[in-house]
Amino acid sequence: MKALLAKFRGEGAPLPPRASGRQIALAFAGATLAIAAIAHLHAAAATLLFGSLGASSLLCFGFPDAPFSQPRNIVLGHVLSSALGVLFLQAFGGGPWSLGLAVGAACAAMMALRIAHPPAASNPVIVFLGGQSWGFVLFPTAVGAALLVAVAVGFHALTRPGRWPKHW
């Protein structure tokens, strides 16, 4: 029991380095632009997805070099996860096990396809909470994720010395 409790203390590793003021300001500006652009499309339809797209914004603009932050991961991760949410909801109903299986399947599929995007793992939950159908996969999921990436491509081209994305 003592060994198990000792694991809760963690490894004692130092905190990651603090982001620079410029990095923080750019993350703020990029996330603001991207979410505002998505909201202008049709805020009511996209409301449910704003939580996961907001989290995607942090990765995309705050940590743009991370593997999880690349366009392929953002768009395909969101679309696949929403599609699996709808599939499980329609095939097995809205029960707790169906929801759990949908999230588990989304996680496993994103990992297997090398398109892991952590915020997208919440999409099956969003699908279940809103009782969404296949139309949700196209809008707001695919359109919202694609718009986020489009804003990011332009934003990073104007604000970063290097290239983004790292890969498509």
# chains A, B, ... in the order shown; residues from 1 in each chain; ligands from 1
$ residues_around --residues "A:Ser52" --least-positions-apart "2" --cutoff "8 Å" --atoms "only C-alpha atoms" --output "PDB file with all heavy atoms, in the first residue's frame"
ATOM      1  N   LEU A  49     -19.574  22.289 -30.011  1.00  0.00           N
ATOM      2  CA  LEU A  49     -18.201  21.919 -30.348  1.00  0.00           C
ATOM      3  C   LEU A  49     -17.176  22.943 -29.883  1.00  0.00           C
ATOM      4  O   LEU A  49     -15.977  22.689 -29.927  1.00  0.00           O
ATOM      5  CB  LEU A  49     -18.078  21.694 -31.856  1.00  0.00           C
ATOM      6  CG  LEU A  49     -16.903  20.849 -32.325  1.00  0.00           C
ATOM      7  CD1 LEU A  49     -16.961  19.449 -31.722  1.00  0.00           C
ATOM      8  CD2 LEU A  49     -16.874  20.766 -33.821  1.00  0.00           C
ATOM      9  N   PHE A  50     -17.619  24.107 -29.422  1.00  0.00           N
ATOM     10  CA  PHE A  50     -16.670  25.146 -29.032  1.00  0.00           C
ATOM     11  C   PHE A  50     -15.700  24.678 -27.949  1.00  0.00           C
ATOM     12  O   PHE A  50     -14.550  25.098 -27.939  1.00  0.00           O
ATOM     13  CB  PHE A  50     -17.383  26.414 -28.566  1.00  0.00           C
ATOM     14  CG  PHE A  50     -17.872  27.274 -29.700  1.00  0.00           C
ATOM     15  CD1 PHE A  50     -19.041  27.983 -29.564  1.00  0.00           C
ATOM     16  CD2 PHE A  50     -17.170  27.375 -30.881  1.00  0.00           C
ATOM     17  CE1 PHE A  50     -19.500  28.787 -30.595  1.00  0.00           C
ATOM     18  CE2 PHE A  50     -17.618  28.163 -31.924  1.00  0.00           C
ATOM     19  CZ  PHE A  50     -18.787  28.872 -31.780  1.00  0.00           C
ATOM     20  N   GLY A  54     -11.925  24.980 -28.722  1.00  0.00           N
ATOM     21  CA  GLY A  54     -11.149  25.889 -27.878  1.00  0.00           C
ATOM     22  C   GLY A  54      -9.888  25.215 -27.379  1.00  0.00           C
ATOM     23  O   GLY A  54      -8.803  25.807 -27.373  1.00  0.00           O
ATOM     24  N   ALA A  55     -10.007  23.965 -26.969  1.00  0.00           N
ATOM     25  CA  ALA A  55      -8.833  23.207 -26.536  1.00  0.00           C
ATOM     26  C   ALA A  55      -7.875  22.986 -27.708  1.00  0.00           C
ATOM     27  O   ALA A  55      -6.656  23.061 -27.552  1.00  0.00           O
ATOM     28  CB  ALA A  55      -9.261  21.873 -25.928  1.00  0.00           C
ATOM     29  N   SER A  56      -8.428  22.755 -28.896  1.00  0.00           N
ATOM     30  CA  SER A  56      -7.593  22.615 -30.091  1.00  0.00           C
ATOM     31  C   SER A  56      -6.828  23.907 -30.367  1.00  0.00           C
ATOM     32  O   SER A  56      -5.684  23.874 -30.825  1.00  0.00           O
ATOM     33  CB  SER A  56      -8.454  22.271 -31.312  1.00  0.00           C
ATOM     34  OG  SER A  56      -9.058  21.018 -31.165  1.00  0.00           O
ATOM     35  N   PRO A 119      -8.009  16.995 -27.808  1.00  0.00           N
ATOM     36  CA  PRO A 119      -9.337  17.609 -27.660  1.00  0.00           C
ATOM     37  C   PRO A 119     -10.438  16.866 -28.421  1.00  0.00           C
ATOM     38  O   PRO A 119     -11.603  16.879 -28.016  1.00  0.00           O
ATOM     39  CB  PRO A 119      -9.153  19.017 -28.224  1.00  0.00           C
ATOM     40  CG  PRO A 119      -7.699  19.301 -28.068  1.00  0.00           C
ATOM     41  CD  PRO A 119      -7.017  17.978 -28.282  1.00  0.00           C
ATOM     42  N   ALA A 120     -10.074  16.204 -29.506  1.00  0.00           N
ATOM     43  CA  ALA A 120     -11.068  15.483 -30.301  1.00  0.00           C
ATOM     44  C   ALA A 120     -11.655  14.289 -29.552  1.00  0.00           C
ATOM     45  O   ALA A 120     -12.760  13.845 -29.868  1.00  0.00           O
ATOM     46  CB  ALA A 120     -10.453  15.022 -31.625  1.00  0.00           C
ATOM     47  N   SER A 122     -13.009  14.314 -26.876  1.00  0.00           N
ATOM     48  CA  SER A 122     -14.247  14.741 -26.218  1.00  0.00           C
ATOM     49  C   SER A 122     -15.433  14.778 -27.175  1.00  0.00           C
ATOM     50  O   SER A 122     -16.579  14.907 -26.735  1.00  0.00           O
ATOM     51  CB  SER A 122     -14.065  16.117 -25.563  1.00  0.00           C
ATOM     52  OG  SER A 122     -13.893  17.120 -26.556  1.00  0.00           O
ATOM     53  N   ASN A 123     -15.189  14.671 -28.463  1.00  0.00           N
ATOM     54  CA  ASN A 123     -16.292  14.797 -29.425  1.00  0.00           C
ATOM     55  C   ASN A 123     -17.382  13.740 -29.271  1.00  0.00           C
ATOM     56  O   ASN A 123     -18.566  14.078 -29.403  1.00  0.00           O
ATOM     57  CB  ASN A 123     -15.751  14.821 -30.854  1.00  0.00           C
ATOM     58  CG  ASN A 123     -15.054  16.126 -31.172  1.00  0.00           C
ATOM     59  OD1 ASN A 123     -14.799  16.947 -30.295  1.00  0.00           O
ATOM     60  ND2 ASN A 123     -14.724  16.322 -32.425  1.00  0.00           N
TER      61      ASN A 123
END
$ residues_around --residues "A:Leu53" --least-positions-apart "4" --cutoff "9 Å" --atoms "only C-alpha atoms" --output "PyMOL selection string"
chain A and resi 35+49+57-58+78+119-120+141+144-145+148
$ write_last_selection --atoms "N, CA and C atoms" --output "compact mmCIF listing (two decimals), in the first residue's frame"
# COMPACT_ATOMS: atom_id res chain seq x y z
N ILE A 35 -11.53 31.11 -33.13
CA ILE A 35 -12.84 30.84 -32.53
C ILE A 35 -13.86 31.88 -32.98
N LEU A 49 -19.57 22.29 -30.01
CA LEU A 49 -18.20 21.92 -30.35
C LEU A 49 -17.18 22.94 -29.88
N SER A 57 -7.46 25.03 -30.09
CA SER A 57 -6.81 26.33 -30.30
C SER A 57 -5.57 26.47 -29.43
N LEU A 58 -5.65 26.00 -28.20
CA LEU A 58 -4.47 26.08 -27.33
C LEU A 58 -3.32 25.28 -27.93
N HIS A 78 -10.77 15.27 -35.19
CA HIS A 78 -12.12 15.74 -34.86
C HIS A 78 -13.18 15.01 -35.67
N PRO A 119 -8.01 16.99 -27.81
CA PRO A 119 -9.34 17.61 -27.66
C PRO A 119 -10.44 16.87 -28.42
N ALA A 120 -10.07 16.20 -29.51
CA ALA A 120 -11.07 15.48 -30.30
C ALA A 120 -11.66 14.29 -29.55
N THR A 141 -18.34 19.99 -37.12
CA THR A 141 -17.05 19.35 -36.87
C THR A 141 -16.03 19.59 -37.98
N GLY A 144 -15.64 23.38 -38.83
CA GLY A 144 -14.98 24.09 -37.74
C GLY A 144 -13.50 23.77 -37.63
N ALA A 145 -13.15 22.49 -37.73
CA ALA A 145 -11.74 22.09 -37.65
C ALA A 145 -10.96 22.62 -38.85
N LEU A 148 -10.40 26.34 -38.37
CA LEU A 148 -9.34 26.53 -37.37
C LEU A 148 -7.97 26.37 -38.03
$ residues_around --residues "stretch 36-38 of chain A" --least-positions-apart "3" --cutoff "7 Å" --atoms "only C-alpha atoms" --output "PyMOL selection string"
chain A and resi 32-33+41+144+147
$ atom_distance --atom1 "atom CA of A:Ala83" --atom2 "atom CA of A:Val149"
19.2 Å
$ residues_around --residues "stretch 91-97 of chain A" --least-positions-apart "6" --cutoff "9 Å" --atoms "only C-alpha atoms" --output "PyMOL selection string"
chain A and resi 128-129+131
$ closest_residue --among "A:Val79, A:Leu15, A:Leu4, A:Ala25" --to "A:Ala146" --atoms "only C-alpha atoms"
A:Val79
$ atom_distance --atom1 "atom CA of A:Ala121" --atom2 "atom CA of A:Phe63"
18.2 Å
$ closest_residue --among "A:Ala34, A:Phe61, A:Gly77, A:Gly10" --to "A:Ala108" --atoms "only C-alpha atoms"
A:Gly77
$ atom_distance --atom1 "atom CA of A:Ala150" --atom2 "atom CA of A:Trp134"
23.3 Å
$ closest_residue --among "A:Pro118, A:Gly62, A:Gly162, A:Gly51" --to "A:Leu76" --atoms "only C-alpha atoms"
A:Pro118
$ closest_residue --among "A:Leu59, A:Ala116, A:Leu5, A:Val125" --to "A:Ser98" --atoms "only C-alpha atoms"
A:Val125
$ residues_around --residues "A:Phe68" --least-positions-apart "2" --cutoff "9 Å" --atoms "only C-alpha atoms" --output "JSON, numbers by chain"
{"A": [59, 60, 63, 64, 65, 66, 70, 71, 72, 73, 74, 115, 116, 117, 118]}
$ write_last_selection --atoms "N, CA, C and O atoms" --output "PDB file, in the first residue's frame"
ATOM      1  N   LEU A  59      -3.595  24.079 -28.405  1.00  0.00           N
ATOM      2  CA  LEU A  59      -2.542  23.278 -29.017  1.00  0.00           C
ATOM      3  C   LEU A  59      -2.033  23.921 -30.299  1.00  0.00           C
ATOM      4  O   LEU A  59      -0.830  24.039 -30.521  1.00  0.00           O
ATOM      5  N   CYS A  60      -2.951  24.358 -31.139  1.00  0.00           N
ATOM      6  CA  CYS A  60      -2.602  24.884 -32.447  1.00  0.00           C
ATOM      7  C   CYS A  60      -1.795  26.181 -32.373  1.00  0.00           C
ATOM      8  O   CYS A  60      -0.836  26.368 -33.121  1.00  0.00           O
ATOM      9  N   PHE A  63       1.177  25.637 -28.901  1.00  0.00           N
ATOM     10  CA  PHE A  63       2.191  24.597 -29.067  1.00  0.00           C
ATOM     11  C   PHE A  63       2.173  24.089 -30.514  1.00  0.00           C
ATOM     12  O   PHE A  63       1.932  22.910 -30.774  1.00  0.00           O
ATOM     13  N   PRO A  64       2.404  24.979 -31.464  1.00  0.00           N
ATOM     14  CA  PRO A  64       2.217  24.627 -32.873  1.00  0.00           C
ATOM     15  C   PRO A  64       3.169  23.565 -33.410  1.00  0.00           C
ATOM     16  O   PRO A  64       2.873  22.950 -34.434  1.00  0.00           O
ATOM     17  N   ASP A  65       4.283  23.323 -32.726  1.00  0.00           N
ATOM     18  CA  ASP A  65       5.227  22.322 -33.220  1.00  0.00           C
ATOM     19  C   ASP A  65       4.942  20.917 -32.700  1.00  0.00           C
ATOM     20  O   ASP A  65       5.560  19.950 -33.152  1.00  0.00           O
ATOM     21  N   ALA A  66       4.020  20.789 -31.771  1.00  0.00           N
ATOM     22  CA  ALA A  66       3.705  19.470 -31.207  1.00  0.00           C
ATOM     23  C   ALA A  66       3.012  18.589 -32.248  1.00  0.00           C
ATOM     24  O   ALA A  66       2.250  19.084 -33.085  1.00  0.00           O
ATOM     25  N   GLN A  70      -0.784  19.407 -35.421  1.00  0.00           N
ATOM     26  CA  GLN A  70      -0.670  19.503 -36.872  1.00  0.00           C
ATOM     27  C   GLN A  70      -2.047  19.390 -37.541  1.00  0.00           C
ATOM     28  O   GLN A  70      -2.966  18.770 -37.001  1.00  0.00           O
ATOM     29  N   PRO A  71      -2.208  20.016 -38.714  1.00  0.00           N
ATOM     30  CA  PRO A  71      -3.523  20.045 -39.371  1.00  0.00           C
ATOM     31  C   PRO A  71      -4.166  18.679 -39.556  1.00  0.00           C
ATOM     32  O   PRO A  71      -5.367  18.513 -39.327  1.00  0.00           O
ATOM     33  N   ARG A  72      -3.379  17.706 -39.969  1.00  0.00           N
ATOM     34  CA  ARG A  72      -3.899  16.348 -40.179  1.00  0.00           C
ATOM     35  C   ARG A  72      -4.545  15.824 -38.893  1.00  0.00           C
ATOM     36  O   ARG A  72      -5.630  15.262 -38.915  1.00  0.00           O
ATOM     37  N   ASN A  73      -3.865  16.033 -37.778  1.00  0.00           N
ATOM     38  CA  ASN A  73      -4.375  15.561 -36.500  1.00  0.00           C
ATOM     39  C   ASN A  73      -5.626  16.325 -36.084  1.00  0.00           C
ATOM     40  O   ASN A  73      -6.582  15.728 -35.569  1.00  0.00           O
ATOM     41  N   ILE A  74      -5.614  17.627 -36.286  1.00  0.00           N
ATOM     42  CA  ILE A  74      -6.747  18.458 -35.876  1.00  0.00           C
ATOM     43  C   ILE A  74      -7.995  18.076 -36.667  1.00  0.00           C
ATOM     44  O   ILE A  74      -9.036  17.742 -36.105  1.00  0.00           O
ATOM     45  N   ILE A 115      -3.230  10.070 -35.944  1.00  0.00           N
ATOM     46  CA  ILE A 115      -3.901  11.372 -36.023  1.00  0.00           C
ATOM     47  C   ILE A 115      -4.407  11.788 -34.636  1.00  0.00           C
ATOM     48  O   ILE A 115      -5.418  12.474 -34.524  1.00  0.00           O
ATOM     49  N   ALA A 116      -3.688  11.402 -33.595  1.00  0.00           N
ATOM     50  CA  ALA A 116      -4.121  11.710 -32.234  1.00  0.00           C
ATOM     51  C   ALA A 116      -4.198  13.225 -32.030  1.00  0.00           C
ATOM     52  O   ALA A 116      -3.260  13.960 -32.349  1.00  0.00           O
ATOM     53  N   HIS A 117      -5.323  13.664 -31.530  1.00  0.00           N
ATOM     54  CA  HIS A 117      -5.554  15.070 -31.191  1.00  0.00           C
ATOM     55  C   HIS A 117      -6.404  15.055 -29.921  1.00  0.00           C
ATOM     56  O   HIS A 117      -7.613  14.831 -29.986  1.00  0.00           O
ATOM     57  N   PRO A 118      -5.778  15.228 -28.753  1.00  0.00           N
ATOM     58  CA  PRO A 118      -6.503  15.046 -27.490  1.00  0.00           C
ATOM     59  C   PRO A 118      -7.857  15.744 -27.372  1.00  0.00           C
ATOM     60  O   PRO A 118      -8.808  15.120 -26.898  1.00  0.00           O
TER      61      PRO A 118
END
$ select_by_dssp --residues "chain A" --states "alpha helix (DSSP H)" --output "JSON, numbers by chain"
{"A": [2, 3, 4, 5, 6, 7, 21, 22, 23, 24, 25, 26, 27, 28, 29, 30, 31, 32, 33, 34, 35, 36, 37, 38, 39, 40, 41, 42, 43, 44, 45, 46, 50, 51, 52, 53, 54, 55, 56, 57, 71, 72, 73, 74, 75, 76, 77, 78, 79, 80, 81, 82, 83, 84, 85, 86, 87, 88, 89, 90, 91, 92, 96, 97, 98, 99, 100, 101, 102, 103, 104, 105, 106, 107, 108, 109, 110, 111, 112, 123, 124, 125, 126, 127, 128, 129, 130, 135, 136, 143, 144, 145, 146, 147, 148, 149, 150, 151, 152, 153, 154, 155, 156, 157, 158, 159]}
$ residues_around --residues "A:Gly135" --least-positions-apart "3" --cutoff "12 Å" --atoms "only C-alpha atoms" --output "number ranges by chain"
A: 45-46, 79, 82-83, 86, 127, 131-132, 138-143
$ closest_residue --among "A:Val103, A:Ala19, A:Ala157, A:Leu84" --to "A:Phe136" --atoms "only C-alpha atoms"
A:Leu84
